[in-house]
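Here the structure comes first, spelled out in structure tokens, and everything after it is commentary.
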Amino acid sequence: MTMEFVFAGFGGQGVLTAGMVLAYAGAEKDLDVTWIPSYGAEMRGGTANCTVKLSQEEVASPFPKRLDVLVAMNEPSLVKFAPSVKPGGHIVANSSVIRNIPEVPGVEVHAVAVNDIAAAAGNPRSANLCALGAAVACAGGMITLEEVENGMRGYFTKIKDHSGNLEIMRSGYRAVKP
Amino acid sequence: MAMIKTVPKTIYHANSFCPGCGHGIVIRLIAEVLEELGHADDAICALAVGCSCLVNRSLAVDRLQCAHGRAAACAAGIKRTRPGNTVFTYQGDGDALSIGFSETVYAAMRNENITAIIVNNGVYGMTGGQASPATLIGQKTVTTVNGRGQDSGVPIDIIKQLSQFDSVAYLARGSLQDAANILKTKQYLKKAFEAQLACRGYSCVEILSPCPTNWHLQPVEAMKRIADEVTAVYPIGVFKEGKS
Amino acid sequence: MKKLMKGNVALAEAAIRAGCRMFAGYPITPQSEILEYLSSRMAEVGGQFVQTESELAGISMVMGAAACGQRAMTSSSGPGFTLKQEGISYLSSAELPAVIVDVMRYGIGLGDIILGQADYFQATRGGGHGGYCLPVLAPSSVQENADLVYRAFDVAEKYRTPVIVLSDAAIGQMCGAVELPPFRDHDIDQFDWTLKGRDEAHPNGRTMTDRMYYDFGYLEYDEHIRDRYNEMKEKEQAWEEWEAEDAEFLLVSYGISSRVCKEAVKLARAEGIRLGLIRPIAVWPFPQKAFDRFNGTVKGYLAVEMNAMGQMVEDVVLAARGKTPVYSMATGRVIADSEDVVRVVKDILAGKKEVF
């Protein structure tokens, strides 16, 4: 089985990093993993997204096709990728930024105010990790919160105290799975 | 006292250059210097394209035939792999000053611990005597039939170009115009190799050399032309000599 | 244990582990991470790293090191790969081992830094002058970026030939789970032919030049060249068959496009179309042996690649030996879409697409 995740948003919202942490955790779990970015024209301020695939077998294409989980950090990303989410899939929509979150037939839409949650925890720049936590809650048995927590510790080698980031990620997870 | 000169054993075969050509003299000087320094056995030559290719047939050291202009880059690759070997380029002015200008200058810029030997005869010899960057103003060649004019540029002084780098170890320009200058050139070569052996960095000896065939002069006249005309544009001497 | 690595970085680290101790290169997107990574990594292992003034100098420095027995590599992309061709021809004539990486991008001339598979002809047809051939390995994953560069050094030494690793921007820029190959020591003195200074066996020094001049009679050389490259053609074919055994129709694709083709195979099979894939791992020599297994028995081959006109498709036509129709899907600046691939296959099966 292969799971497809897309993390999409404005450049600077940390979507590439969120996807990278998930991919890192997948690789540590000995899954086959791909992470592929698609940048906007500008490094900051443009649109950015990455596709992460986790699989017990070989990942075929690394490009987005039929998404299991979409993390949309802004409205353009939601509009762009929502039609690619497959029936039974999940959308984590950043309700701190996206005002009108539509219903999508056959898809579970989770409105999570990731910016607000991260800001309330005192680290507004970690909104991406809050979104990652929400995405992990949609990952079924492919990868667990604990495995992604370990992945985060391994990925951010320069951070000594991970407790703040971990708590924000857990908050995102609980927003989907209370 | 009589002096007996024998062919150095680092010349393994008579050269096949045109009569009166300077290349044979340069090869002999290199062979003598390497032997006197005791480094003929560990020498590796990065050989240029042009008349330089013919060095393959007489100089008895390990040799790599490089692409046109790239000898200095190849020599850097050789020296960086085998720093214990004595590494030098053998190039003409077309190779080192024109198509390989960038490789020549950048080897000096990086202060590669190699010795660049550039034989300047002011023409592309192998291809039939076309103008080179070192062709003198007014000099007639098959591509400057009315004499090189300002519209085809002015002679390049490579030693001046290389002098901009404070780090390089040794820069000199010699001439083959007469016996005294040949001996002086040999000393330049020796100093250049000594700089490399002392790991002092980049050294270059440019050697003004005759090409009677393409200058359409008798060998003796060609030597005289170097003394009268070429050295006026390309002064001979030592231009940089670091501490030994 | 597997590690998450970026394709370019995995390739660079695998080169180090293969014993590569000379890298000379020049910045160009999308291969610059190789240069950047090795700029510090080489020093850690006591190797040589030079950011050269040009690609011409880079490949020449590699040639100098290779002549001395070093495992040497350079990398580039598109316009820079063009400049490497001079040195590749010289390496081929002197029969020197070296590894040249082309992280392909898209387009003619300056082109674009985006992903693409535009350098197939240049890599596989002897992109420099004179009519040489050389092994060209085409990774399709981050893991293969590591594995194939590692293998490239061995192939290069086995035949004394330059070897190209034909990666692409997508493989180079993506991250994947990688198991890195083990560290290997390389002894620069292990071969007698390398330059190291004259010795008793070579009292006149070694002559390392176009082998045509010194090592073969005037009429023997062509025979030598034919023997040399025919041996590589026979022994160095490498490919993967994916759901091919019972296939009624086969996709042919390499590198990043082959990944999409694997997805297309899954989609088609879910719809009951027995689609399979031949993925050349070496694009030179082209895997003729794979095609000989299927020629005349499958309904057709569809070559899927990311350039405007189709390049590899010409090799597929040759490999089909006139026994199986060949079709082209050259997707240009856009990576193939798996559903589009299936649609094209259906069109072909319905007789609605011209052969190439």
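All residue names refer to the structure tokens as shown: chains lettered A, B, ... in order, residues numbered from 1 in each chain, ligands numbered from 1 in order.
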
Next item on the list: Find the residues near Glu234 (chain C): any atom within 12 Å, counting only C-alpha atoms, skip ones fewer than 6 places away on the same chain, and give them as number ranges by chain.
Entry: C: 135, 226-228, 284-289

Requested write-out: N, CA and C atoms of the selected residues, as a tab-separated table (two decimals), in the first residue's frame:
chain	number	residue	atom	x	y	z
C	135	PRO	N	29.41	3.56	-21.72
C	135	PRO	CA	28.28	3.14	-20.91
C	135	PRO	C	27.57	4.35	-20.30
C	226	ARG	N	35.92	-1.67	-32.54
C	226	ARG	CA	34.71	-2.49	-32.68
C	226	ARG	C	34.65	-3.57	-31.59
C	227	ASP	N	35.77	-4.23	-31.37
C	227	ASP	CA	35.80	-5.28	-30.34
C	227	ASP	C	35.47	-4.72	-28.97
C	228	ARG	N	36.08	-3.57	-28.71
C	228	ARG	CA	35.94	-2.93	-27.40
C	228	ARG	C	34.47	-2.59	-27.12
C	284	TRP	N	22.91	3.14	-22.73
C	284	TRP	CA	23.91	2.59	-23.66
C	284	TRP	C	24.77	1.65	-22.85
C	285	PRO	N	24.94	0.40	-23.22
C	285	PRO	CA	24.26	-0.21	-24.37
C	285	PRO	C	22.77	-0.39	-24.10
C	286	PHE	N	21.97	-0.19	-25.12
C	286	PHE	CA	20.52	-0.31	-24.97
C	286	PHE	C	20.18	-1.79	-24.80
C	287	PRO	N	19.18	-2.10	-23.96
C	287	PRO	CA	18.92	-3.51	-23.61
C	287	PRO	C	18.25	-4.31	-24.74
C	288	GLN	N	18.99	-4.56	-25.77
C	288	GLN	CA	18.47	-5.34	-26.90
C	288	GLN	C	17.95	-6.70	-26.46
C	289	LYS	N	18.66	-7.28	-25.48
C	289	LYS	CA	18.26	-8.63	-25.04
C	289	LYS	C	16.85	-8.63	-24.48

Next item on the list: Find the residues near Val52 (chain A): any atom within 10 Å, counting only C-alpha atoms, skip ones fewer than 6 places away on the same chain, and give them as a PyMOL selection string.
Entry: (chain A and resi 3-7+16+18-23+26+33-37+62-64+67+69) or (chain C and resi 174-176)

Pick out the chain C residues within 8 Å of chain B. Count only C-alpha atoms. Give them as a PDB file with N, CA and C atoms, in the first residue's frame.
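Once written, part27.pdb looks like this:
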ATOM      1  N   MET C  22      38.703  12.668  -6.336  1.00  0.00           N
ATOM      2  CA  MET C  22      38.907  13.909  -7.091  1.00  0.00           C
ATOM      3  C   MET C  22      37.578  14.285  -7.697  1.00  0.00           C
ATOM      4  N   GLN C  48      40.404  15.507  -3.200  1.00  0.00           N
ATOM      5  CA  GLN C  48      40.596  16.799  -3.846  1.00  0.00           C
ATOM      6  C   GLN C  48      39.274  17.296  -4.406  1.00  0.00           C
ATOM      7  N   GLU C  53      37.206  26.864 -13.263  1.00  0.00           N
ATOM      8  CA  GLU C  53      36.795  28.063 -13.984  1.00  0.00           C
ATOM      9  C   GLU C  53      35.783  27.766 -15.078  1.00  0.00           C
ATOM     10  N   LEU C  56      35.095  22.870 -19.041  1.00  0.00           N
ATOM     11  CA  LEU C  56      36.232  22.354 -19.809  1.00  0.00           C
ATOM     12  C   LEU C  56      37.398  22.040 -18.881  1.00  0.00           C
ATOM     13  N   ALA C  57      37.665  22.960 -17.972  1.00  0.00           N
ATOM     14  CA  ALA C  57      38.753  22.729 -17.021  1.00  0.00           C
ATOM     15  C   ALA C  57      38.398  21.581 -16.079  1.00  0.00           C
ATOM     16  N   GLY C  58      37.126  21.506 -15.699  1.00  0.00           N
ATOM     17  CA  GLY C  58      36.708  20.451 -14.774  1.00  0.00           C
ATOM     18  C   GLY C  58      36.958  19.069 -15.329  1.00  0.00           C
ATOM     19  N   SER C  60      38.918  18.289 -17.687  1.00  0.00           N
ATOM     20  CA  SER C  60      40.354  18.097 -17.946  1.00  0.00           C
ATOM     21  C   SER C  60      41.101  17.747 -16.659  1.00  0.00           C
ATOM     22  N   MET C  61      40.681  18.381 -15.561  1.00  0.00           N
ATOM     23  CA  MET C  61      41.314  18.052 -14.286  1.00  0.00           C
ATOM     24  C   MET C  61      40.996  16.602 -13.906  1.00  0.00           C
ATOM     25  N   VAL C  62      39.779  16.215 -14.180  1.00  0.00           N
ATOM     26  CA  VAL C  62      39.383  14.824 -13.956  1.00  0.00           C
ATOM     27  C   VAL C  62      40.246  13.894 -14.807  1.00  0.00           C
ATOM     28  N   MET C  63      40.508  14.321 -16.034  1.00  0.00           N
ATOM     29  CA  MET C  63      41.326  13.486 -16.921  1.00  0.00           C
ATOM     30  C   MET C  63      42.750  13.342 -16.365  1.00  0.00           C
ATOM     31  N   GLY C  64      43.305  14.436 -15.868  1.00  0.00           N
ATOM     32  CA  GLY C  64      44.643  14.366 -15.287  1.00  0.00           C
ATOM     33  C   GLY C  64      44.693  13.397 -14.111  1.00  0.00           C
ATOM     34  N   ALA C  65      43.679  13.489 -13.255  1.00  0.00           N
ATOM     35  CA  ALA C  65      43.628  12.603 -12.093  1.00  0.00           C
ATOM     36  C   ALA C  65      43.411  11.153 -12.517  1.00  0.00           C
ATOM     37  N   ALA C  67      44.245   9.775 -15.266  1.00  0.00           N
ATOM     38  CA  ALA C  67      45.470   9.271 -15.884  1.00  0.00           C
ATOM     39  C   ALA C  67      46.444   8.765 -14.832  1.00  0.00           C
ATOM     40  N   CYS C  68      46.320   9.314 -13.627  1.00  0.00           N
ATOM     41  CA  CYS C  68      47.195   8.902 -12.531  1.00  0.00           C
ATOM     42  C   CYS C  68      46.569   7.826 -11.666  1.00  0.00           C
ATOM     43  N   GLN C  70      43.512   7.844 -10.206  1.00  0.00           N
ATOM     44  CA  GLN C  70      42.517   8.266  -9.213  1.00  0.00           C
ATOM     45  C   GLN C  70      41.111   7.960  -9.707  1.00  0.00           C
ATOM     46  N   GLU C  86      34.069  17.550 -24.927  1.00  0.00           N
ATOM     47  CA  GLU C  86      35.453  17.567 -25.397  1.00  0.00           C
ATOM     48  C   GLU C  86      36.298  16.573 -24.596  1.00  0.00           C
ATOM     49  N   GLY C  87      36.196  16.705 -23.298  1.00  0.00           N
ATOM     50  CA  GLY C  87      37.002  15.842 -22.432  1.00  0.00           C
ATOM     51  C   GLY C  87      36.583  14.383 -22.508  1.00  0.00           C
ATOM     52  N   TYR C  90      38.268  12.833 -25.367  1.00  0.00           N
ATOM     53  CA  TYR C  90      39.689  12.593 -25.077  1.00  0.00           C
ATOM     54  C   TYR C  90      39.875  11.425 -24.112  1.00  0.00           C
ATOM     55  N   LEU C 195      49.873   6.884 -14.897  1.00  0.00           N
ATOM     56  CA  LEU C 195      51.062   7.729 -14.842  1.00  0.00           C
ATOM     57  C   LEU C 195      51.542   7.834 -13.398  1.00  0.00           C
ATOM     58  N   LYS C 196      52.826   7.563 -13.215  1.00  0.00           N
ATOM     59  CA  LYS C 196      53.392   7.658 -11.876  1.00  0.00           C
ATOM     60  C   LYS C 196      54.884   7.939 -11.940  1.00  0.00           C
ATOM     61  N   GLY C 197      55.379   8.173 -13.135  1.00  0.00           N
ATOM     62  CA  GLY C 197      56.817   8.336 -13.334  1.00  0.00           C
ATOM     63  C   GLY C 197      57.370   7.087 -13.997  1.00  0.00           C
ATOM     64  N   ARG C 198      58.343   7.274 -14.884  1.00  0.00           N
ATOM     65  CA  ARG C 198      58.876   6.142 -15.652  1.00  0.00           C
ATOM     66  C   ARG C 198      59.505   5.105 -14.718  1.00  0.00           C
ATOM     67  N   ASP C 199      59.577   3.885 -15.188  1.00  0.00           N
ATOM     68  CA  ASP C 199      60.172   2.823 -14.388  1.00  0.00           C
ATOM     69  C   ASP C 199      60.830   1.808 -15.325  1.00  0.00           C
ATOM     70  N   PRO C 203      60.921   2.531 -19.584  1.00  0.00           N
ATOM     71  CA  PRO C 203      62.109   3.391 -19.444  1.00  0.00           C
ATOM     72  C   PRO C 203      61.975   4.708 -20.205  1.00  0.00           C
ATOM     73  N   ASN C 204      61.117   4.735 -21.221  1.00  0.00           N
ATOM     74  CA  ASN C 204      60.939   5.976 -21.981  1.00  0.00           C
ATOM     75  C   ASN C 204      59.720   6.762 -21.508  1.00  0.00           C
ATOM     76  N   GLY C 205      59.162   6.351 -20.390  1.00  0.00           N
ATOM     77  CA  GLY C 205      57.948   6.993 -19.900  1.00  0.00           C
ATOM     78  C   GLY C 205      56.733   6.398 -20.570  1.00  0.00           C
ATOM     79  N   ARG C 206      55.615   6.531 -19.892  1.00  0.00           N
ATOM     80  CA  ARG C 206      54.365   6.047 -20.483  1.00  0.00           C
ATOM     81  C   ARG C 206      53.813   7.095 -21.435  1.00  0.00           C
ATOM     82  N   THR C 207      53.321   6.637 -22.562  1.00  0.00           N
ATOM     83  CA  THR C 207      52.725   7.537 -23.546  1.00  0.00           C
ATOM     84  C   THR C 207      51.214   7.403 -23.441  1.00  0.00           C
ATOM     85  N   MET C 208      50.611   8.358 -22.781  1.00  0.00           N
ATOM     86  CA  MET C 208      49.170   8.267 -22.620  1.00  0.00           C
ATOM     87  C   MET C 208      48.506   9.286 -23.537  1.00  0.00           C
ATOM     88  N   THR C 209      48.118   8.793 -24.681  1.00  0.00           N
ATOM     89  CA  THR C 209      47.497   9.670 -25.669  1.00  0.00           C
ATOM     90  C   THR C 209      46.446   8.849 -26.390  1.00  0.00           C
ATOM     91  N   ASP C 210      45.886   9.395 -27.435  1.00  0.00           N
ATOM     92  CA  ASP C 210      44.976   8.641 -28.284  1.00  0.00           C
ATOM     93  C   ASP C 210      45.640   7.297 -28.614  1.00  0.00           C
TER      94      ASP C 210
END

Checklist line | Nearby residues (only C-alpha atoms) at most 9 Å from Gly151 (chain A), same-chain spacing under 2 positions excluded, as a PyMOL selection string | finding: chain A and resi 21-28+146-149+153-156

Residue selection dump (N, CA and C atoms) as an mmCIF file, in the first residue's frame:
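Printed below is selection.cif as written:
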data_model
loop_
_atom_site.group_PDB
_atom_site.id
_atom_site.type_symbol
_atom_site.label_atom_id
_atom_site.label_comp_id
_atom_site.auth_asym_id
_atom_site.auth_seq_id
_atom_site.Cartn_x
_atom_site.Cartn_y
_atom_site.Cartn_z
ATOM 1 N N VAL A 21 9.863 16.162 7.288
ATOM 2 C CA VAL A 21 9.866 15.457 8.575
ATOM 3 C C VAL A 21 9.090 14.145 8.444
ATOM 4 N N LEU A 22 7.960 14.213 7.745
ATOM 5 C CA LEU A 22 7.166 12.993 7.546
ATOM 6 C C LEU A 22 7.963 11.955 6.744
ATOM 7 N N ALA A 23 8.623 12.424 5.683
ATOM 8 C CA ALA A 23 9.415 11.510 4.850
ATOM 9 C C ALA A 23 10.571 10.916 5.644
ATOM 10 N N TYR A 24 11.186 11.755 6.449
ATOM 11 C CA TYR A 24 12.310 11.303 7.266
ATOM 12 C C TYR A 24 11.863 10.178 8.210
ATOM 13 N N ALA A 25 10.711 10.413 8.834
ATOM 14 C CA ALA A 25 10.185 9.397 9.754
ATOM 15 C C ALA A 25 9.862 8.109 8.996
ATOM 16 N N GLY A 26 9.313 8.244 7.787
ATOM 17 C CA GLY A 26 8.997 7.068 6.970
ATOM 18 C C GLY A 26 10.247 6.276 6.626
ATOM 19 N N ALA A 27 11.307 6.984 6.270
ATOM 20 C CA ALA A 27 12.556 6.303 5.909
ATOM 21 C C ALA A 27 13.128 5.569 7.120
ATOM 22 N N GLU A 28 13.003 6.207 8.297
ATOM 23 C CA GLU A 28 13.503 5.564 9.525
ATOM 24 C C GLU A 28 12.720 4.296 9.837
ATOM 25 N N GLU A 146 3.909 8.674 17.258
ATOM 26 C CA GLU A 146 5.167 8.437 17.965
ATOM 27 C C GLU A 146 6.337 8.331 16.964
ATOM 28 N N GLU A 147 6.107 7.657 15.848
ATOM 29 C CA GLU A 147 7.176 7.514 14.845
ATOM 30 C C GLU A 147 7.551 8.865 14.232
ATOM 31 N N VAL A 148 6.539 9.698 14.020
ATOM 32 C CA VAL A 148 6.843 11.025 13.461
ATOM 33 C C VAL A 148 7.519 11.909 14.509
ATOM 34 N N GLU A 149 7.139 11.718 15.756
ATOM 35 C CA GLU A 149 7.847 12.454 16.828
ATOM 36 C C GLU A 149 9.329 12.095 16.832
ATOM 37 N N ARG A 153 12.700 14.490 16.000
ATOM 38 C CA ARG A 153 13.928 14.594 16.810
ATOM 39 C C ARG A 153 15.162 14.325 15.944
ATOM 40 N N GLY A 154 15.029 13.366 15.036
ATOM 41 C CA GLY A 154 16.174 13.011 14.191
ATOM 42 C C GLY A 154 16.428 14.039 13.102
ATOM 43 N N TYR A 155 15.352 14.648 12.614
ATOM 44 C CA TYR A 155 15.499 15.565 11.478
ATOM 45 C C TYR A 155 16.088 16.901 11.906
ATOM 46 N N PHE A 156 15.561 17.452 13.010
ATOM 47 C CA PHE A 156 16.066 18.761 13.465
ATOM 48 C C PHE A 156 17.261 18.531 14.381
#

Margin query: For the alpha helix (DSSP H) assignment from backbone DSSP, which residues of region 14-103 of chain C qualify? Please present them as an NGL selection string.
Written below: :C and (14-17 or 32-44 or 55-67 or 78-94)

Next item on the list: Just list the residues in region 97-326 of chain C DSSP gives strand (DSSP E) on the backbone, as number ranges by chain.
Entry: C: 98-106, 112-115, 136-137, 162-168, 175-178, 207-208, 239-242, 249-252, 275-280, 282-284, 301-305, 326

Item checked: Straight-line distance linking CA of Trp193 (chain C) with CA of Lys158 (chain C), stated in Å to one decimal ->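 Between CA of Trp193 (chain C) and CA of Lys158 (chain C) the gap is 13.2 Å.
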
Check: What lies within 10 Å of Ile118 (chain B) using only C-alpha atoms, ignoring chain neighbours under 2 positions off, as a count of residues only?
Finding: 25

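Comparing the minimum interatomic distances between chain C and each of A:Ala8, A:Val59, A:Leu70, A:Ile159, counting only C-alpha atoms, we find that A:Val59 sits nearest.
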
Next item on the list: Excluding Asp168 (chain C) and any residue of its chain fewer than 5 positions from it, enumerate the residues within 9 Å of it, using only C-alpha atoms, and give them as an MDAnalysis selection string.
Entry: chainID C and resid 30:31 77 102:105 115:117 138:140 173 255:256

Requested write-out: N, CA and C atoms of the selected residues, as an mmCIF file, in the first residue's frame:
data_model
loop_
_atom_site.group_PDB
_atom_site.id
_atom_site.type_symbol
_atom_site.label_atom_id
_atom_site.label_comp_id
_atom_site.auth_asym_id
_atom_site.auth_seq_id
_atom_site.Cartn_x
_atom_site.Cartn_y
_atom_site.Cartn_z
ATOM 1 N N PRO C 30 20.383 21.807 -12.312
ATOM 2 C CA PRO C 30 20.043 21.309 -10.976
ATOM 3 C C PRO C 30 21.044 20.307 -10.400
ATOM 4 N N GLN C 31 22.319 20.486 -10.687
ATOM 5 C CA GLN C 31 23.296 19.545 -10.117
ATOM 6 C C GLN C 31 24.126 20.155 -9.004
ATOM 7 N N SER C 77 25.084 19.675 -16.110
ATOM 8 C CA SER C 77 23.727 19.556 -16.610
ATOM 9 C C SER C 77 23.623 20.355 -17.904
ATOM 10 N N ASP C 102 25.444 13.693 -15.501
ATOM 11 C CA ASP C 102 24.600 14.719 -16.113
ATOM 12 C C ASP C 102 23.243 14.678 -15.409
ATOM 13 N N VAL C 103 22.988 15.696 -14.603
ATOM 14 C CA VAL C 103 21.672 15.818 -13.979
ATOM 15 C C VAL C 103 20.815 16.591 -14.984
ATOM 16 N N MET C 104 20.130 15.845 -15.832
ATOM 17 C CA MET C 104 19.480 16.470 -16.990
ATOM 18 C C MET C 104 18.432 17.503 -16.597
ATOM 19 N N ARG C 105 18.347 18.527 -17.425
ATOM 20 C CA ARG C 105 17.286 19.511 -17.316
ATOM 21 C C ARG C 105 16.604 19.595 -18.676
ATOM 22 N N LEU C 115 12.877 19.958 -14.515
ATOM 23 C CA LEU C 115 13.193 18.589 -14.883
ATOM 24 C C LEU C 115 12.988 18.352 -16.377
ATOM 25 N N GLY C 116 13.736 17.407 -16.905
ATOM 26 C CA GLY C 116 13.642 17.076 -18.308
ATOM 27 C C GLY C 116 14.566 15.918 -18.617
ATOM 28 N N GLN C 117 14.395 15.373 -19.798
ATOM 29 C CA GLN C 117 15.256 14.269 -20.254
ATOM 30 C C GLN C 117 15.730 14.604 -21.661
ATOM 31 N N ALA C 138 21.293 5.095 -16.166
ATOM 32 C CA ALA C 138 20.198 6.040 -15.965
ATOM 33 C C ALA C 138 19.392 5.688 -14.722
ATOM 34 N N PRO C 139 19.722 6.304 -13.585
ATOM 35 C CA PRO C 139 18.997 6.021 -12.353
ATOM 36 C C PRO C 139 17.562 6.533 -12.400
ATOM 37 N N SER C 140 16.678 5.841 -11.689
ATOM 38 C CA SER C 140 15.283 6.277 -11.635
ATOM 39 C C SER C 140 14.830 6.528 -10.201
ATOM 40 N N GLN C 173 16.623 16.294 -7.248
ATOM 41 C CA GLN C 173 16.030 17.216 -6.272
ATOM 42 C C GLN C 173 15.114 16.509 -5.279
ATOM 43 N N GLY C 255 14.603 6.590 -16.172
ATOM 44 C CA GLY C 255 14.696 7.759 -15.291
ATOM 45 C C GLY C 255 13.349 8.139 -14.711
ATOM 46 N N ILE C 256 13.134 9.420 -14.516
ATOM 47 C CA ILE C 256 11.939 9.884 -13.813
ATOM 48 C C ILE C 256 10.662 9.465 -14.548
#

Checklist line | Polymer residues at most 12 Å from region 78-82 of chain A, only C-alpha atoms, same-chain spacing of 6 or more positions, as a VMD selection string | finding: chain A and resid 5 to 10 47 to 51 64 to 72 89 to 95 97 to 109 111

Note to self: At a cut-off of 12 Å, using only C-alpha atoms, what residues contact Asn181 (chain B)? Leave out same-chain residues fewer than 4 positions from it and give the result as a ChimeraX atom specification.
What the structure shows: /B:25-26,29,173-177,185-188,207-209,223,226-227,231,236-237

Next item on the list: Check the smallest atom-to-atom distance from each of A:Ser61, A:Asn150, A:Asn128, A:Ser171 to chain C using only C-alpha atoms, then report the winner.
Entry: A:Ser61
